[in-house]
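Engineer: Sending over a structure as structure tokens; questions will come in a sec.
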Amino acid sequence: MHLNIKKSDFVKSGTEPSHYPEDIYPEFFFAGKSNAGKSSMLNKICNRKKLAITSKKPGRTQLINFFLINNNISFVDIPGYGYANTPKSVSKLWEKMVLNYLSNRKNIAGMFIAIDIRRGVEDLDRSMIDLCSSFDIKSNIIITKSDKVSKNEKMKSKKIVEDEFLTYKNIKNINTFSSKNGDGVIDVLKIIEEVCKNN
Ligand SMILES: Nc1nc2c(ncn2[C@@H]2O[C@H](COP(=O)(O)OP(=O)(O)OP(=O)(O)O)[C@@H](O)[C@H]2O)c(=O)[nH]1
Ligand SMILES: [Mg+2]
């Protein structure tokens, strides 16, 4: 069984807990390096073109954006990290905003971290994964833009990531994904269904 998304609505944006919607539904957030394809992934699994705003220019998503799925699941698009020439003041604000989110949000059910297949896992991704582990958040690594490489390279990239995170108990799944050709969409929907079923 996988989740069947029939309805998806933007709820609100915010930077701090007083802006968040009520914490009554299981919540999945989408994190990752800027431009890794988080917003595109969210749109693809919801089968919507412009639910979350996407852009060729990195750093498009700057607020924490909340979406309501089927009136009983919450999705969150987190601003990306690590785009070139980020001023220190901006990365400090990002850190504060995300730490605030992770430490105050009671209904977090899982994290999807987007990793661009052509870049692989980078140190900022490792920091994000470790940070989520420290909050005991169940995490899923989604290797995005799989349409950009050959089938062989796709399997190789996945294997490298699997080898690195073999011993991480908070990493629950590692999948490839493409918002262009639909690779991995069912896998993400299955993960969400499974977590919600057990909640
Ligand atoms: N070929 C291909 N391009 C993709 C895919 N996913 C995203 N892109 C492109 O990558 C760029 C960035 O995508 P976004 O979804 O906006 O990335 P993001 O991670 O939300 O970026 P920020 O909001 O800046 O953190 C856009 O030009 C997308 O069209 C994919 O699966 N395949
Ligand atoms: Mg985005």
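Every chain in the structure tokens takes a letter, A first, then B, and so on in the order presented; its residues are numbered from 1, and the ligands are numbered from 1 following the presented order.
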Please find the residues contacting ligand 1 at a distance of at most 6 Å between atoms, with only C-alpha atoms and all ligand atoms counted, and report them as a PyMOL selection string.
Structural biologist: chain A and resi 34-40+54-56+58-61+79-80+144-145+147-148+178-180
Engineer: Could the residues in this selection be written to a file with N, CA, C and O atoms, as a JSON list (two decimals), in the first residue's frame?
Structural biologist:
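Once everything was written out, this is part_15.json:
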```json
[["chain", "number", "residue", "atom", "x", "y", "z"],
["A", 34, "SER", "N", 20.51, 23.48, -0.95],
["A", 34, "SER", "CA", 19.78, 24.35, -1.84],
["A", 34, "SER", "C", 19.93, 23.84, -3.27],
["A", 34, "SER", "O", 21.02, 23.43, -3.68],
["A", 35, "ASN", "N", 18.81, 23.82, -4.00],
["A", 35, "ASN", "CA", 18.80, 23.40, -5.39],
["A", 35, "ASN", "C", 18.83, 21.86, -5.56],
["A", 35, "ASN", "O", 18.92, 21.36, -6.67],
["A", 36, "ALA", "N", 18.78, 21.11, -4.45],
["A", 36, "ALA", "CA", 18.85, 19.65, -4.54],
["A", 36, "ALA", "C", 17.55, 19.03, -5.07],
["A", 36, "ALA", "O", 17.53, 17.87, -5.47],
["A", 37, "GLY", "N", 16.48, 19.83, -5.05],
["A", 37, "GLY", "CA", 15.22, 19.33, -5.59],
["A", 37, "GLY", "C", 14.15, 19.00, -4.56],
["A", 37, "GLY", "O", 13.22, 18.24, -4.84],
["A", 38, "LYS", "N", 14.23, 19.63, -3.38],
["A", 38, "LYS", "CA", 13.24, 19.38, -2.32],
["A", 38, "LYS", "C", 11.84, 19.79, -2.74],
["A", 38, "LYS", "O", 10.89, 19.02, -2.62],
["A", 39, "SER", "N", 11.72, 21.04, -3.20],
["A", 39, "SER", "CA", 10.39, 21.55, -3.55],
["A", 39, "SER", "C", 9.81, 20.78, -4.74],
["A", 39, "SER", "O", 8.61, 20.49, -4.76],
["A", 40, "SER", "N", 10.67, 20.42, -5.69],
["A", 40, "SER", "CA", 10.21, 19.63, -6.85],
["A", 40, "SER", "C", 9.71, 18.26, -6.40],
["A", 40, "SER", "O", 8.72, 17.75, -6.94],
["A", 54, "THR", "N", 9.49, 26.32, -6.93],
["A", 54, "THR", "CA", 10.80, 25.78, -7.31],
["A", 54, "THR", "C", 11.53, 26.83, -8.15],
["A", 54, "THR", "O", 10.91, 27.77, -8.66],
["A", 55, "SER", "N", 12.83, 26.67, -8.27],
["A", 55, "SER", "CA", 13.57, 27.66, -9.04],
["A", 55, "SER", "C", 14.93, 27.12, -9.47],
["A", 55, "SER", "O", 15.51, 26.27, -8.81],
["A", 56, "LYS", "N", 15.41, 27.64, -10.61],
["A", 56, "LYS", "CA", 16.76, 27.31, -11.07],
["A", 56, "LYS", "C", 17.77, 27.98, -10.16],
["A", 56, "LYS", "O", 18.89, 27.54, -10.02],
["A", 58, "PRO", "N", 19.39, 28.86, -6.76],
["A", 58, "PRO", "CA", 19.40, 28.28, -5.41],
["A", 58, "PRO", "C", 18.90, 29.28, -4.37],
["A", 58, "PRO", "O", 18.98, 30.49, -4.57],
["A", 59, "GLY", "N", 18.38, 28.75, -3.27],
["A", 59, "GLY", "CA", 17.96, 29.62, -2.17],
["A", 59, "GLY", "C", 16.56, 30.17, -2.35],
["A", 59, "GLY", "O", 16.18, 31.17, -1.74],
["A", 60, "ARG", "N", 15.76, 29.52, -3.20],
["A", 60, "ARG", "CA", 14.42, 30.03, -3.48],
["A", 60, "ARG", "C", 13.50, 29.92, -2.25],
["A", 60, "ARG", "O", 12.74, 30.84, -1.96],
["A", 61, "THR", "N", 13.60, 28.80, -1.55],
["A", 61, "THR", "CA", 12.73, 28.59, -0.39],
["A", 61, "THR", "C", 13.42, 29.16, 0.84],
["A", 61, "THR", "O", 14.45, 28.65, 1.27],
["A", 79, "PRO", "N", 13.91, 25.52, 4.15],
["A", 79, "PRO", "CA", 14.88, 26.17, 3.24],
["A", 79, "PRO", "C", 16.16, 25.36, 3.11],
["A", 79, "PRO", "O", 16.60, 24.72, 4.06],
["A", 80, "GLY", "N", 16.75, 25.39, 1.94],
["A", 80, "GLY", "CA", 17.97, 24.64, 1.68],
["A", 80, "GLY", "C", 19.18, 25.29, 2.35],
["A", 80, "GLY", "O", 19.13, 26.45, 2.73],
["A", 144, "THR", "N", 18.18, 12.59, -5.51],
["A", 144, "THR", "CA", 17.32, 13.25, -6.50],
["A", 144, "THR", "C", 17.97, 13.40, -7.88],
["A", 144, "THR", "O", 19.17, 13.21, -8.04],
["A", 145, "LYS", "N", 17.15, 13.75, -8.83],
["A", 145, "LYS", "CA", 17.55, 14.02, -10.21],
["A", 145, "LYS", "C", 18.17, 12.78, -10.87],
["A", 145, "LYS", "O", 19.12, 12.88, -11.64],
["A", 147, "ASP", "N", 17.19, 11.10, -13.16],
["A", 147, "ASP", "CA", 17.07, 11.12, -14.63],
["A", 147, "ASP", "C", 18.31, 11.69, -15.30],
["A", 147, "ASP", "O", 18.50, 11.54, -16.51],
["A", 148, "LYS", "N", 19.17, 12.33, -14.52],
["A", 148, "LYS", "CA", 20.35, 12.99, -15.11],
["A", 148, "LYS", "C", 21.52, 12.04, -15.34],
["A", 148, "LYS", "O", 22.53, 12.44, -15.91],
["A", 178, "SER", "N", 13.22, 10.94, -9.14],
["A", 178, "SER", "CA", 13.26, 11.94, -10.21],
["A", 178, "SER", "C", 11.91, 12.63, -10.31],
["A", 178, "SER", "O", 10.89, 11.98, -10.47],
["A", 179, "SER", "N", 11.94, 13.94, -10.21],
["A", 179, "SER", "CA", 10.68, 14.67, -10.38],
["A", 179, "SER", "C", 10.39, 14.84, -11.87],
["A", 179, "SER", "O", 9.31, 15.31, -12.24],
["A", 180, "LYS", "N", 11.33, 14.43, -12.71],
["A", 180, "LYS", "CA", 11.09, 14.49, -14.17],
["A", 180, "LYS", "C", 10.39, 13.23, -14.66],
["A", 180, "LYS", "O", 9.41, 13.31, -15.39]]
```
Engineer: Within 8 Å of His2 (chain A), counting only C-alpha atoms, which residues qualify if same-chain residues fewer than 6 places away don't, as a short mmCIF file (atom, residue, chain, number, x, y, z; two decimals) with all heavy atoms, in the first residue's frame?
Structural biologist:
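Written out: result03.cif:
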```cif
data_model
loop_
_atom_site.label_atom_id
_atom_site.label_comp_id
_atom_site.auth_asym_id
_atom_site.auth_seq_id
_atom_site.Cartn_x
_atom_site.Cartn_y
_atom_site.Cartn_z
N ILE A 186 6.62 6.30 -5.90
CA ILE A 186 5.88 5.29 -5.14
C ILE A 186 6.61 4.94 -3.85
O ILE A 186 5.98 4.74 -2.81
CB ILE A 186 5.69 4.01 -6.01
CG1 ILE A 186 4.88 4.33 -7.27
CG2 ILE A 186 5.04 2.89 -5.21
CD1 ILE A 186 3.41 4.56 -7.05
N ASP A 187 7.95 4.89 -3.92
CA ASP A 187 8.73 4.55 -2.72
C ASP A 187 8.49 5.57 -1.62
O ASP A 187 8.30 5.21 -0.46
CB ASP A 187 10.23 4.48 -3.05
CG ASP A 187 10.53 3.42 -4.10
OD1 ASP A 187 10.25 2.25 -3.82
OD2 ASP A 187 11.00 3.77 -5.20
N LEU A 189 5.91 7.55 -1.27
CA LEU A 189 4.53 7.44 -0.81
C LEU A 189 4.33 6.22 0.09
O LEU A 189 3.53 6.25 1.03
CB LEU A 189 3.58 7.38 -2.02
CG LEU A 189 3.51 8.67 -2.84
CD1 LEU A 189 2.72 8.46 -4.12
CD2 LEU A 189 2.89 9.82 -2.03
N LYS A 190 5.08 5.16 -0.20
CA LYS A 190 5.01 3.95 0.64
C LYS A 190 5.59 4.23 2.02
O LYS A 190 5.04 3.78 3.03
CB LYS A 190 5.81 2.81 0.00
CG LYS A 190 5.04 2.02 -1.00
CD LYS A 190 5.88 0.83 -1.49
CE LYS A 190 5.14 0.05 -2.55
NZ LYS A 190 6.05 -0.75 -3.39
N ILE A 191 6.71 4.94 2.06
CA ILE A 191 7.36 5.26 3.34
C ILE A 191 6.38 6.05 4.22
O ILE A 191 6.19 5.75 5.40
CB ILE A 191 8.66 6.07 3.11
CG1 ILE A 191 9.72 5.21 2.40
CG2 ILE A 191 9.20 6.64 4.43
CD1 ILE A 191 10.92 6.00 1.86
N ILE A 192 5.74 7.04 3.64
CA ILE A 192 4.82 7.89 4.40
C ILE A 192 3.64 7.06 4.92
O ILE A 192 3.26 7.14 6.09
CB ILE A 192 4.34 9.09 3.55
CG1 ILE A 192 5.54 9.95 3.16
CG2 ILE A 192 3.29 9.90 4.29
CD1 ILE A 192 5.25 10.99 2.09
N GLU A 193 3.09 6.24 4.03
CA GLU A 193 1.96 5.38 4.42
C GLU A 193 2.34 4.48 5.60
O GLU A 193 1.59 4.35 6.57
CB GLU A 193 1.55 4.52 3.21
CG GLU A 193 0.51 3.45 3.50
CD GLU A 193 -0.91 4.02 3.51
OE1 GLU A 193 -1.10 5.12 2.97
OE2 GLU A 193 -1.80 3.35 4.06
N GLU A 194 3.51 3.89 5.49
CA GLU A 194 4.00 2.95 6.51
C GLU A 194 4.14 3.64 7.87
O GLU A 194 3.69 3.14 8.89
CB GLU A 194 5.35 2.40 6.03
CG GLU A 194 5.81 1.12 6.67
CD GLU A 194 4.80 -0.02 6.52
OE1 GLU A 194 4.06 -0.07 5.50
OE2 GLU A 194 4.75 -0.83 7.44
#
```
Engineer: Could you give me, as a VMD selection string, the residues within 9 Å of Asp9 (chain A), counting only C-alpha atoms and dropping anything in the same chain fewer than 2 positions from it?
Structural biologist: chain A and resid 7 11 51 66 to 71
Engineer: Please, what distance in Å, to one decimal, runs between CA of Gly184 (chain A) and CA of Met155 (chain A)?
Structural biologist: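 Going from CA of Gly184 (chain A) over to CA of Met155 (chain A) covers 12.9 Å.
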Engineer: Can you pull out the residues contacting Ser103 (chain A)? Cut-off 12 Å, using only C-alpha atoms, and skip same-chain residues under 6 positions away; I want them as a list in words.
Structural biologist: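 Contacts, with the query itself left out: Glu16, Pro17, Glu95, Lys96, Met97, Leu131, Cys132, Ser134, Phe135, Asp136 and Ile137 of chain A.
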Engineer: Write the residues you've just listed into a file as a PDB file, in the first residue's frame, and include C-alpha atoms for each of them.
Structural biologist:
```
ATOM      1  CA  GLU A  16       9.436  30.627  14.343  1.00  0.00           C
ATOM      2  CA  PRO A  17       7.116  28.434  16.466  1.00  0.00           C
ATOM      3  CA  GLU A  95      20.513  27.533  11.753  1.00  0.00           C
ATOM      4  CA  LYS A  96      18.402  29.293  14.362  1.00  0.00           C
ATOM      5  CA  MET A  97      15.210  28.764  12.353  1.00  0.00           C
ATOM      6  CA  LEU A 131      21.414  16.822  13.738  1.00  0.00           C
ATOM      7  CA  CYS A 132      18.214  14.902  12.987  1.00  0.00           C
ATOM      8  CA  SER A 134      20.331  13.819  17.765  1.00  0.00           C
ATOM      9  CA  PHE A 135      16.597  14.617  17.830  1.00  0.00           C
ATOM     10  CA  ASP A 136      15.886  10.940  17.140  1.00  0.00           C
ATOM     11  CA  ILE A 137      14.089  11.746  13.891  1.00  0.00           C
TER      12      ILE A 137
END
```
Engineer: Just checking: using only C-alpha atoms and all ligand atoms, which residue out of A:Lys6, A:Lys33, A:Arg118, A:Lys156 ends up closest to ligand 2?
Structural biologist: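 Among the listed residues, A:Lys33 lies closest to ligand 2.
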Engineer: Check the smallest atom-to-atom distance from each of A:Val185, A:Leu93, A:Ile24, A:Leu3 to Asn107 (chain A) using only C-alpha atoms, then report the winner.
Structural biologist: A:Ile24
Engineer: Just list the residues in chain A DSSP gives helix (DSSP H, G or I) on the backbone, as a PyMOL selection string.
Structural biologist: chain A and resi 17-19+38-46+88-104+123-134+146-148+151-165+185-197
Engineer: At what distance in Å, to one decimal, does CA of Ile129 (chain A) lie from atom 1 (Mg, counted along the ligand's line) of ligand 2?
Structural biologist: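 Distance reported for this atom pair: 18.2 Å.
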Engineer: If you run DSSP on the backbone here, which positions in region 16-115 of chain A get strand (DSSP E or B)? Please write them as an NGL selection string.
Structural biologist: :A and (27-33 or 64-69 or 73-77 or 81 or 108-115)
Engineer: Restricting it to N, CA and C atoms, dump the selection as a PDB file, in the first residue's frame.
Structural biologist:
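What follows is the written file again_7.pdb:
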```pdb
ATOM      1  N   GLU A  27       3.910  14.854  10.792  1.00  0.00           N
ATOM      2  CA  GLU A  27       4.560  15.833   9.905  1.00  0.00           C
ATOM      3  C   GLU A  27       5.868  15.286   9.327  1.00  0.00           C
ATOM      4  N   PHE A  28       6.019  15.426   8.027  1.00  0.00           N
ATOM      5  CA  PHE A  28       7.233  15.010   7.317  1.00  0.00           C
ATOM      6  C   PHE A  28       7.874  16.257   6.739  1.00  0.00           C
ATOM      7  N   PHE A  29       9.172  16.420   6.994  1.00  0.00           N
ATOM      8  CA  PHE A  29       9.802  17.594   6.387  1.00  0.00           C
ATOM      9  C   PHE A  29      10.847  17.209   5.357  1.00  0.00           C
ATOM     10  N   PHE A  30      11.037  18.119   4.394  1.00  0.00           N
ATOM     11  CA  PHE A  30      11.934  17.916   3.258  1.00  0.00           C
ATOM     12  C   PHE A  30      13.106  18.871   3.412  1.00  0.00           C
ATOM     13  N   ALA A  31      14.281  18.287   3.613  1.00  0.00           N
ATOM     14  CA  ALA A  31      15.474  19.101   3.823  1.00  0.00           C
ATOM     15  C   ALA A  31      16.485  18.788   2.739  1.00  0.00           C
ATOM     16  N   GLY A  32      17.590  19.504   2.756  1.00  0.00           N
ATOM     17  CA  GLY A  32      18.648  19.224   1.786  1.00  0.00           C
ATOM     18  C   GLY A  32      19.314  20.483   1.307  1.00  0.00           C
ATOM     19  N   LYS A  33      20.382  20.272   0.570  1.00  0.00           N
ATOM     20  CA  LYS A  33      21.123  21.391   0.040  1.00  0.00           C
ATOM     21  C   LYS A  33      20.240  22.209  -0.904  1.00  0.00           C
ATOM     22  N   ILE A  64      10.004  28.450   6.346  1.00  0.00           N
ATOM     23  CA  ILE A  64       9.491  27.104   6.553  1.00  0.00           C
ATOM     24  C   ILE A  64       8.051  27.111   6.048  1.00  0.00           C
ATOM     25  N   ASN A  65       7.771  26.289   5.054  1.00  0.00           N
ATOM     26  CA  ASN A  65       6.438  26.272   4.435  1.00  0.00           C
ATOM     27  C   ASN A  65       5.678  25.013   4.823  1.00  0.00           C
ATOM     28  N   PHE A  66       4.464  25.200   5.312  1.00  0.00           N
ATOM     29  CA  PHE A  66       3.636  24.079   5.770  1.00  0.00           C
ATOM     30  C   PHE A  66       2.526  23.774   4.770  1.00  0.00           C
ATOM     31  N   PHE A  67       2.327  22.482   4.509  1.00  0.00           N
ATOM     32  CA  PHE A  67       1.276  22.039   3.598  1.00  0.00           C
ATOM     33  C   PHE A  67       0.427  20.980   4.289  1.00  0.00           C
ATOM     34  N   LEU A  68      -0.867  20.970   3.987  1.00  0.00           N
ATOM     35  CA  LEU A  68      -1.753  19.952   4.552  1.00  0.00           C
ATOM     36  C   LEU A  68      -2.142  18.973   3.449  1.00  0.00           C
ATOM     37  N   ILE A  69      -1.906  17.691   3.734  1.00  0.00           N
ATOM     38  CA  ILE A  69      -2.129  16.630   2.749  1.00  0.00           C
ATOM     39  C   ILE A  69      -3.312  15.773   3.185  1.00  0.00           C
ATOM     40  N   ILE A  73      -2.291  14.872   7.079  1.00  0.00           N
ATOM     41  CA  ILE A  73      -0.828  14.719   7.123  1.00  0.00           C
ATOM     42  C   ILE A  73      -0.221  16.095   6.825  1.00  0.00           C
ATOM     43  N   SER A  74       0.885  16.371   7.473  1.00  0.00           N
ATOM     44  CA  SER A  74       1.529  17.661   7.227  1.00  0.00           C
ATOM     45  C   SER A  74       2.877  17.454   6.528  1.00  0.00           C
ATOM     46  N   PHE A  75       3.123  18.262   5.492  1.00  0.00           N
ATOM     47  CA  PHE A  75       4.422  18.281   4.816  1.00  0.00           C
ATOM     48  C   PHE A  75       5.053  19.647   5.064  1.00  0.00           C
ATOM     49  N   VAL A  76       6.373  19.648   5.203  1.00  0.00           N
ATOM     50  CA  VAL A  76       7.064  20.911   5.434  1.00  0.00           C
ATOM     51  C   VAL A  76       8.260  21.025   4.504  1.00  0.00           C
ATOM     52  N   ASP A  77       8.315  22.138   3.793  1.00  0.00           N
ATOM     53  CA  ASP A  77       9.443  22.439   2.913  1.00  0.00           C
ATOM     54  C   ASP A  77      10.375  23.367   3.692  1.00  0.00           C
ATOM     55  N   TYR A  81      20.231  24.501   2.482  1.00  0.00           N
ATOM     56  CA  TYR A  81      21.472  25.031   3.042  1.00  0.00           C
ATOM     57  C   TYR A  81      22.574  24.966   1.997  1.00  0.00           C
ATOM     58  N   ILE A 108       6.705  15.778  14.502  1.00  0.00           N
ATOM     59  CA  ILE A 108       7.583  15.343  13.407  1.00  0.00           C
ATOM     60  C   ILE A 108       7.578  13.816  13.321  1.00  0.00           C
ATOM     61  N   ALA A 109       7.237  13.305  12.134  1.00  0.00           N
ATOM     62  CA  ALA A 109       7.159  11.852  11.937  1.00  0.00           C
ATOM     63  C   ALA A 109       8.298  11.342  11.074  1.00  0.00           C
ATOM     64  N   GLY A 110       8.978  12.241  10.377  1.00  0.00           N
ATOM     65  CA  GLY A 110      10.090  11.797   9.548  1.00  0.00           C
ATOM     66  C   GLY A 110      10.688  12.913   8.720  1.00  0.00           C
ATOM     67  N   MET A 111      11.899  12.660   8.272  1.00  0.00           N
ATOM     68  CA  MET A 111      12.604  13.610   7.418  1.00  0.00           C
ATOM     69  C   MET A 111      12.961  12.948   6.103  1.00  0.00           C
ATOM     70  N   PHE A 112      12.809  13.688   5.014  1.00  0.00           N
ATOM     71  CA  PHE A 112      13.340  13.282   3.717  1.00  0.00           C
ATOM     72  C   PHE A 112      14.448  14.259   3.374  1.00  0.00           C
ATOM     73  N   ILE A 113      15.657  13.739   3.192  1.00  0.00           N
ATOM     74  CA  ILE A 113      16.750  14.629   2.812  1.00  0.00           C
ATOM     75  C   ILE A 113      17.089  14.405   1.342  1.00  0.00           C
ATOM     76  N   ALA A 114      17.029  15.475   0.570  1.00  0.00           N
ATOM     77  CA  ALA A 114      17.304  15.401  -0.866  1.00  0.00           C
ATOM     78  C   ALA A 114      18.798  15.585  -1.113  1.00  0.00           C
ATOM     79  N   ILE A 115      19.359  14.629  -1.852  1.00  0.00           N
ATOM     80  CA  ILE A 115      20.777  14.687  -2.210  1.00  0.00           C
ATOM     81  C   ILE A 115      20.863  14.627  -3.735  1.00  0.00           C
TER      82      ILE A 115
END
```
Engineer: CA of Asn170 (chain A) and atom 1 (Mg, counted along the ligand's line) of ligand 2 are how many Å apart?
Structural biologist: 24.0 Å
Engineer: Which of these, A:Arg48, A:Arg105, A:Lys12, A:Lys57, has the shortest distance to ligand 2 once you count only C-alpha atoms and all ligand atoms?
Structural biologist: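 Answer, going by the shortest atom-to-atom distance: A:Lys57.
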Engineer: Which residue out of A:Glu122, A:Ile78, A:Pro21, A:Met41 has the minimum interatomic distance to Thr176 (chain A) when only C-alpha atoms are used?
Structural biologist: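 For Thr176 (chain A), the nearest of the given residues is A:Met41.
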Engineer: Taking 2 positions as the minimum chain separation for residues in the same chain, which residues sit within 7 Å of Ile171 (chain A) when counting only C-alpha atoms? Answer as a list of chain:residue names.
Structural biologist: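 My list of contacting residues is A:Lys138, A:Ser139, A:Asn140, A:Tyr168, A:Lys169, A:Asn173.
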Engineer: Given only C-alpha atoms as the basis, pick out the residue of A:Ile160, A:Gln62, A:Gly120, A:Asn100 nearest to Ser18 (chain A).
Structural biologist: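 Between A:Ile160, A:Gln62, A:Gly120, A:Asn100, the residue approaching Ser18 (chain A) most closely is A:Asn100.
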Engineer: For Ile45 (chain A), which of A:Ile5, A:Val195, A:Val121, A:Val90 is the closest residue, counting only C-alpha atoms?
Structural biologist: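 Comparing A:Ile5, A:Val195, A:Val121, A:Val90 against Ile45 (chain A), the winner is A:Ile5.
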